[in-house]
Structure formats: C-alpha cells, structure tokens
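One structure is given below, encoded as structure tokens.
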Protein chains: 2
Amino acid sequence: MVNIKDVAKVANLSVATVSRYLNQNGYVSKNSSERIEQAIRELDYKPSSVARSLSKKQSNIIGLIVPDIKNPYFPELARAVEDMAWSYGYTVVLCNSDDQIEKELLYLERLSQTYVAGLIVATSLLDPSVYLSINTPIVALDRIIDATVPTVATDNQKGARLGGEYLLTNGARNLLCIGGPHGLKTADDRLTGFLEATDKHGLDPIVITSSFDFKVAAKAIEQCLAINPQIDGIFASSDTLAIAALHIAHKLGKRVPEELQIVGFDGIALGEMVSPPLTTVGQDLYKMGTAAATMLIEQIEGKEIKQTVLNIDPQLIVRGTTRKEAAK
Amino acid sequence: MVNIKDVAKVANLSVATVSRYLNQNGYVSKNSSERIEQAIRELDYKPSSVARSLSKKQSNIIGLIVPDIKNPYFPELARAVEDMAWSYGYTVVLCNSDDQIEKELLYLERLSQTYVAGLIVATSLLDPSVYLSINTPIVALDRIIDATVPTVATDNQKGARLGGEYLLTNGARNLLCIGGPHGLKTADDRLTGFLEATDKHGLDPIVITSSFDFKVAAKAIEQCLAINPQIDGIFASSDTLAIAALHIAHKLGKRVPEELQIVGFDGIALGEMVSPPLTTVGQDLYKMGTAAATMLIEQIEGKEIKQTVLNIDPQLIVRGTTRKEAAK
DNA sequence: TTGAAAGCGGTACCAG
DNA sequence: CTGGTACCGCTTTCAA
C-alpha cells in the first residue's frame with residue numbers, strides 16, 4: 001500500500017506538506033499542490049483512515065444503535081442515516097441491541113475503542129448519564145434519552161390522538177387499543193394520546209399491551225377479539241401490531257373496514273402492501289433518519305447546531321382499513 | 001484515555017509484556033499476569049482498536065454490502081451476519097450499493113482504507129476481478145461472484161422447480177411467472193427452474209419481468225392480469241413480488257387461493273403477515289447469514305475453510321395462497 | 001511556504 | 001520470561 005511518504009518522495013516535498021495539502025489547512029504553494037496532485041494520481045494513493053483516526057483520535061465511523069434491524073421500522077431509518085452519512089464521508093456501523101442493557105453497554109464500549117465519531121441511538125434503556133458520559137456527539141432518534149441530548153422524534157401523543165379521533169369520526173365506538181410494551185415511553189405516549197381522544201367522547205376503550213413481535217401480538221389480539229366480538233375499531237401503536245390485527249381479522253372472517261376498522265402508527269412501507277392497505281398515523285421516516293444524521297454530523301464537525309430538538313409532525317395517512325365515506 | 005503505557009507503569013512492567021499478555025502470545029509469568037490484570041482493572045483500561053489496526057494492518061470491521069437494506073430480504077440476512085460478527089468481536093459496517101457500480105466501487109475503496117478485515121457481498125455487478133483484487137477475505141452471499149469466491153447461496157433453479165411443480169400438482173394450469181430484473185443471475189435461475197417444471201407438463205406460461213420495487217411490480221402485474229384473466233397460478237421470483245400479486249388479486253376481487261394461487265420465493269418474515277399467508281419457496285435466511293459470517297471469519301483468522309461453497313436447500317413452505325386439498 | 005520530528009497507541013522482533 | 005525499540009501512516013507543532 002502506498003503511503004504519504006511515497007507521495008512526498010515523488011512530489012519531492014515533505015510529508016508535512018502533503019498532509020497539509022490533503023487536509024486543506026496550512027500553506028501549500030500552487031506549484032507544490034500540483035506536484036502533489038500529480039504524485040497522488042501517479043501512485044493511486046489513498047490515505048489510511050486508520051492512521052488518521054489514530055493521530056486525530058477521531059474516526060469517520062458513526063454508530064447506529066437500533067433494537068433490531070429486522071423490525072421493519074428500522075431499515076427505513078437506517079437507510080436514511082446511511083445515505084446522509086455516506087454523502088459526508090462517514091461510514092455507519094450497525095448495532096442491534098435487542099433492547100438488552102448489557103449488549104448496548106458492550107456496544108458502547110467497543111465503539112468508543114474505535115474513536116467512533118458519533119452515535120445515533122434509537123433505543124433508550126440505559127440511564128441517560130451513560131450516554132452523556134461517553135463523551136461523543138450523540139443524537140437520539142425516535143426515542144428520547146434526555147432533555148440535553150439532541151433528539152429527532154415524533155409527537156406520539158398528538159399522532160395517537162389524531163388516529164383515535166379519526167376512528168371515532170368514522171363511527172367506530174367499541175374501541176380496542178393495542179399498546180406497545182409497557183415502560184417504553186414512545187408506546188406510553190401513544191396510549192395516552194389515544195385515550196385523550198376517547199375520553200373526550202366519554203368512551204372507555206379496551207386496552208391491551210403486547211410486545212412488537214408479530215406472532216405474540218397476533219395471539220393476544222385473537223384472544224381479545226374472541227372475548228370481545230363487539231369491537232369495531234382498533235388503534236394499534238405500531239404498524240406491525242396493526243397488521244397483526246388485520247391478519248387476525250381475516251382469520252376470524254371479520255370484514256375490514258366494514259365491520260372492523262384499523263388504524264396503525266409508524267408509516268412503514270409494509271403498510272401499503274397488505275390488503276386492504278393500512279390506514280395509519282405516519283411519520284416521515286426517511287426525513288427523521290436524515291435529520292438525525294445531519295444533526296449528528298454538525299455536532300461532529302463542530303458547527304453550531306441550529307436546533308437540538310426536531311419534532312416531526314405525524315400525519316394521518318388514510319388508506320383502506322378505515323371507512324372514508326363516514327367521515328364528518 | 002488510559003493507554004498501554006499507563007498499564008505497564010502501574011504493573012511495573014514494559015509495554016511489550018503487557019502487549020503479550022493482551023494478545024495471549026509469548027511468555028508472561030503468572031505473577032506478571034496478575035499484576036497486569038490488576039492494573040487493567042484499576043485503570044479501567046480498554047485497548048484502542050485503532051492503534052491495533054494500524055500496527056497490524058487489519059481491523060475488526062466487516063463490510064456488508066447489500067443493494068438496499070429497505071428490501072425486506074436483507075434485514076434478516078444483516079441481522080444474522082451482525083449476530084455472528086458480534087460474537088466473534090467484529091463490527092459490521094452497513095453499505096447500501098443500490099446496485100450501482102459506481103457506489104459499490106467507492107465503498108470498496110473506502111472500506112479498504114480502513115483495513116477492513118473482510119467483506120460479505122450480497123451484490124454482484126462488479127467484474128469478479130475487482131473483488132478478487134482487493135486482497136481481503138470475502139464471501140458472496142445469496143449471489144454468486146465467481147467460482148473462486150467462497151459462497152453461500154441457494155439452489156434457485158431447484159427451488160423454482162419445486163414451486164412450479166407445486167402449483168401444477170395443485171391444479172393451476174394458466175400460469176404466470178413474475179421474474180426479477182433481467183440479467184440478475186438469481187432471478188434468471190429462478191425463471192429457468194420454473195420453466196423446467198412447466199415444460200415437463202407441456203405448458204407455456206406467461207412470463208413477465210419486473211424490478212423488485214413493490215409499486216412498479218404491482219402495476220405490471222395488474223396490467224398483465226387484466227389482459228389475461230384466465231391466469232389461475234402465479235409463481236413470483238421473490239416474496240415481495242408475490243405479495244404485490246396478492247395485493248392486486250385482492251384489488252381485482254380475485255379470491256386467493258380459490259381462483260388464483262400464488263407461490264413466492266425467499267421466505268421473508270413478511271410472508272406470514274399477509275392474508276392469506278404466503279406459500280413460498282423458503283430459504284433459511286438466518287442460517288445463510290450466519291454461515292456467510294462464519295466462513296468469512298474463518299478466512300480472516302486464517303483457519304482452513306472447510307467448504308468454500310455452501311448451498312442452502314430451499315424448502316417449500318405451504319401456507320395459505322395455495323390450495324392444499326388438491327395436492328397429489 | 002516548507003520540513004523535522006514528536007506523538008497517537010499498539011505490535012513484534014531481537015537481545016538479554 | 002522480559003524489556004528496548006523500530007515501526008504502522010498520518011497530524012501537528014515549532015523552527016527555519
């Protein structure tokens with residue numbers, strides 16, 4: 001592998017000058033620049049980012065921590081992050097934490113050993129202090145870590161209220177809310193928002209909670225629907241959960257949306273593929289991902305961060321699992 | 001950050017000895033070991049993997065190149081790779097090539113600058129020679145690069161034959177085959193396999209090809225089905241395509257599987273979520289991913305690779321988009 | 001404008 | 001068994 005020394009030799013300059021040229025800092029005469037360019041081309045020189053990391057104590061690696069990339073929500077986020085990182089010359093390391101504290105901690109440790117440039121964290125089980133203590137730029141994506149950590153998130157409560165209200169204006173009265181796992185703030189907020197909507201109408205919906213796992217959720221929903229056949233509207237706090245509900249509705253022979261309406265939350269691509277396509281409270285996932293990456297890179301590169309909290313407004317996306325004609 | 005020198009000082013030994021201890025090579029007396037351990041604990045020392053990479057010219061980073069992580073096929077593979085990499089102390093960098101030569105080339109270049117330990121490549125548009133020339137362990141996943149590159153793949157032809165035959169034994173006679181993008185070997189093999197099955201029955205199915213994009217595919221399928229309403233069996237060369245077909249069937253009011261049977265290929269999780277759940281030719285994606293990672297790590301660590309080609313046998317997974325009672 | 005040289009944090013060879 | 005030390009490839013003072 002050709003190194004900076006070789007380039008210097010060919011250009012008949014010192015490595016210091018070549019380095020200055022490479023980093024575009026310090027003085028390099030026009031003439032020298034040309035000789036360096038020439039040498040680089042001639043030798044097909046590529047700087048070693050490892051050596052660079054070592055001397056600068058800073059790499060161009062961004063760590064992306066998600067619970068599980070298999071959850072269809074995260075690939076869309078990951079793709080957006082990766083695109084933005086790519087265009088700024090960063091590289092993203094994928095970390096699946098499985099929402100396990102131990103694993104996340106170990107990841108953090110490993111990443112810090114590589115002088116990771118920054119972290120995008122889409123999980124939130126560790127104590128905020130540990131994220132703050134690692135002394136690396138960080139942004140929270142989708143989940144809030146702490147008021148002091150720059151964050152890109154959705155107003156979950158508002159979104160859920162939107163979803164609940166839509167179900168109501170569409171005539172559903174016997175509601176079921178499928179909440180996400182207990183203790184997950186995102187999920188709790190969605191539940192709260194939904195209940196705000198139903199409270200206003202003096203309704204008292206059934207609430208169940210479930211893990212985001214499809215099969216587990218499907219089973220829970222099936223049981224619930226068996227006991228409460230009167231249910232005519234379901235608000236699910238994730239699209240996966242909503243699709244599980246749709247699946248069970250088909251299995252039980254309930255017609256959607258005629259007998260049972262379903263509203264999801266997230267706006268994953270999958271929602272458009274099922275039949276009927278899923279009405280949902282959608283977030284612009286790509287935008288969230290790119291925004292998070294941008295905020296992180298700005299921090300890394302020491303720029304003033306314009307805003308430390310970006311709240312993405314969720315939007316109701318009406319598709320086929322709700323009746324539209326009934327609106328108003 | 002505390003470094004090896006600090007440890008050496010506290011343990012009252014030289015850095016050489018500490019290094020030997022750390023790498024478990026060379027001699028270190030029991031007594032010294034204990035002092036080192038003690039010092040490490042005391043200082044909470046973590047070796048810098050960057051420095052290590054520089055001096056060994058080898059990192060613990062594995063590059064995973066996929067076309068697009070948003071394609072539901074890849075998260076399952078990526079997760080498996082990441083799990084295995086994690087357990088061996090490697091870290092995976094996610095690269096989305098978008099099946100663009102230029103981008104893939106740039107990735108390869110960037111990765112080689114970081115002394116990447118190895119590559120898992122799930123794309124195959126570059127000339128084999130470039131993969132071979134980068135002088136890094138590599139394994140091809142799902143797509144074949146070259147006979148000399150260790151590979152984990154599926155017997156696509158056989159799988160497609162299986163799928164085609166199943167459709168036939170189930171009574172479908174007016175067949176449609178939805179192939180993947182032209183020129184993609186995986187897709188071509190699946191088409192070939194399917195045609196083998198139909199040929200044997202003297203049938204001449206309709207064949208269309210489509211990109212793997214859901215919407216594009218759906219449109220093409222809709223047109224085809226409109227022109228050929230007699231179609232009663234569809235073999236899709238990916239689950240996404242099959243789900244698009246299912247989606248269109250619902251839209252057109254065709255009952256699945258009574259009027260129209262569908263068989264997909266891949267075995268992605270999504271297939272179980274749609275209604276009716278998708279009958280498909282499934283590959284064990286997790287196994288493919290872990291196998292690829294294992295083969296790569298063995299190469300990296302210089303072990304004898306037991307086998308350089310692992311052919312995963314595809315399995316017919318009968319679910320709800322085919323009629324089972326008709327079998328035999 | 002340019003260059004010499006001291007790191008950055010390890011590894012590994014060689015001598016003791 | 002242990003220590004001295006020359007790298008690995010690049011960045012960054014400090015002098016010239």
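Letters for chains follow the order of the structure tokens (A, B, ...), residue numbers begin at 1 for each chain, and ligand numbers begin at 1 in the order shown.
Assigned to strand (DSSP E) in region 87-146 of chain A, given DSSP computed from backbone atoms, are Thr91, Val92, Val93, Leu94, Cys95, Asn96, Gly118, Leu119, Ile120, Val121, Ile138, Val139, Ala140 and Leu141 of chain A.
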Would you give me, as a ChimeraX atom specification, the residues of chain C that come within 9 Å of chain A, using only C-alpha atoms (C1' of nucleotides)?
-> /C:1-3,7-9
Might you pull out every residue within 8 Å of region 145-156 of chain B, with only C-alpha atoms (C1' of nucleotides) counted and same-chain residues fewer than 3 positions away left off, and present them as a CSV table (one decimal) with C-alpha atoms, in the first residue's frame?
```csv
chain,number,residue,atom,x,y,z
B,124,SER,CA,-22.7,-8.9,-7.9
B,128,PRO,CA,-15.2,-10.6,-10.4
B,132,LEU,CA,-10.5,-10.6,-6.1
B,138,ILE,CA,-14.6,-12.1,1.0
B,139,VAL,CA,-17.7,-14.2,0.8
B,140,ALA,CA,-20.5,-13.9,-1.6
B,141,LEU,CA,-23.9,-14.1,0.0
B,142,ASP,CA,-27.0,-15.0,-2.0
B,159,GLY,CA,-36.4,-24.1,-5.6
B,160,ALA,CA,-38.2,-22.6,-8.5
B,186,THR,CA,-30.5,-15.3,-9.2
B,189,ASP,CA,-32.1,-19.2,-12.4
B,190,ARG,CA,-35.5,-19.0,-10.8
B,193,GLY,CA,-36.3,-23.6,-12.8
B,283,GLN,CA,-34.6,-20.2,2.3
B,288,MET,CA,-27.4,-18.2,5.3
B,291,ALA,CA,-22.9,-19.3,7.6
B,292,ALA,CA,-21.5,-16.5,5.5
B,295,MET,CA,-17.0,-18.6,6.6
B,307,GLN,CA,-16.0,-25.7,2.4
B,308,THR,CA,-15.9,-22.8,0.1
B,309,VAL,CA,-19.4,-23.2,-1.2
B,310,LEU,CA,-22.4,-23.7,0.9
B,311,ASN,CA,-25.6,-24.5,-0.9
B,312,ILE,CA,-28.7,-24.0,1.1
B,313,ASP,CA,-31.5,-26.2,0.0
B,314,PRO,CA,-34.7,-24.2,-0.5
```
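With only C-alpha atoms (C1' of nucleotides) taken into account, the protein and nucleic acid residues at most 9 Å from region 12-16 of chain C (excluding it and anything under 3 positions from it in its own chain) are Ala16 of chain B; DT2, DG3, DG4 and DA6 of chain D.
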Within 8 Å of chain B, which residues of chain A show up when using only C-alpha atoms, listed as an MDAnalysis selection string?
-> chainID A and resid 46:51 53:54 68:70 72 75:76 78:79 82 91:96 113:115 214 243:244 247 250 273:276
Please produce, as JSON lines, a per-residue contact table for chain D versus chain A (criterion: any atom at most 7 Å away, only C-alpha atoms (C1' of nucleotides) considered), showing the nearest atom pair and its distance in Å to one decimal, sorted by chain then residue number.
```
{"residue": "D:DG9", "atom": "C1'", "partner": "A:Ala51", "partner_atom": "CA", "distance": 5.0}
{"residue": "D:DC10", "atom": "C1'", "partner": "A:Arg52", "partner_atom": "CA", "distance": 5.1}
{"residue": "D:DT11", "atom": "C1'", "partner": "A:Ser55", "partner_atom": "CA", "distance": 5.9}
```
Keeping N, CA, C and O atoms (P, O5', C5', C4', C3', O3' and C1' of nucleotides) for every residue in the selection just given, could you write it to a file as an mmCIF file, in the first residue's frame?
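After the write, selection-v2.cif holds the following:
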```
data_model
loop_
_atom_site.group_PDB
_atom_site.id
_atom_site.type_symbol
_atom_site.label_atom_id
_atom_site.label_comp_id
_atom_site.auth_asym_id
_atom_site.auth_seq_id
_atom_site.Cartn_x
_atom_site.Cartn_y
_atom_site.Cartn_z
ATOM 1 P P DG D 9 2.304 1.615 6.455
ATOM 2 O "O5'" DG D 9 1.527 2.990 6.638
ATOM 3 C "C5'" DG D 9 0.127 2.976 6.855
ATOM 4 C "C4'" DG D 9 -0.341 4.365 7.184
ATOM 5 C "C3'" DG D 9 0.139 5.447 6.204
ATOM 6 O "O3'" DG D 9 -0.966 6.257 5.900
ATOM 7 C "C1'" DG D 9 0.696 6.047 8.411
ATOM 8 P P DC D 10 -0.842 7.529 5.008
ATOM 9 O "O5'" DC D 10 -1.133 8.645 6.100
ATOM 10 C "C5'" DC D 10 -2.340 8.546 6.831
ATOM 11 C "C4'" DC D 10 -2.360 9.500 7.990
ATOM 12 C "C3'" DC D 10 -2.202 10.982 7.623
ATOM 13 O "O3'" DC D 10 -3.304 11.704 8.143
ATOM 14 C "C1'" DC D 10 -0.764 10.390 9.419
ATOM 15 P P DT D 11 -3.483 13.236 7.850
ATOM 16 O "O5'" DT D 11 -3.100 13.871 9.267
ATOM 17 C "C5'" DT D 11 -3.828 13.431 10.405
ATOM 18 C "C4'" DT D 11 -3.354 14.197 11.618
ATOM 19 C "C3'" DT D 11 -3.378 15.709 11.474
ATOM 20 O "O3'" DT D 11 -3.807 16.219 12.736
ATOM 21 C "C1'" DT D 11 -1.204 15.004 12.022
#
```
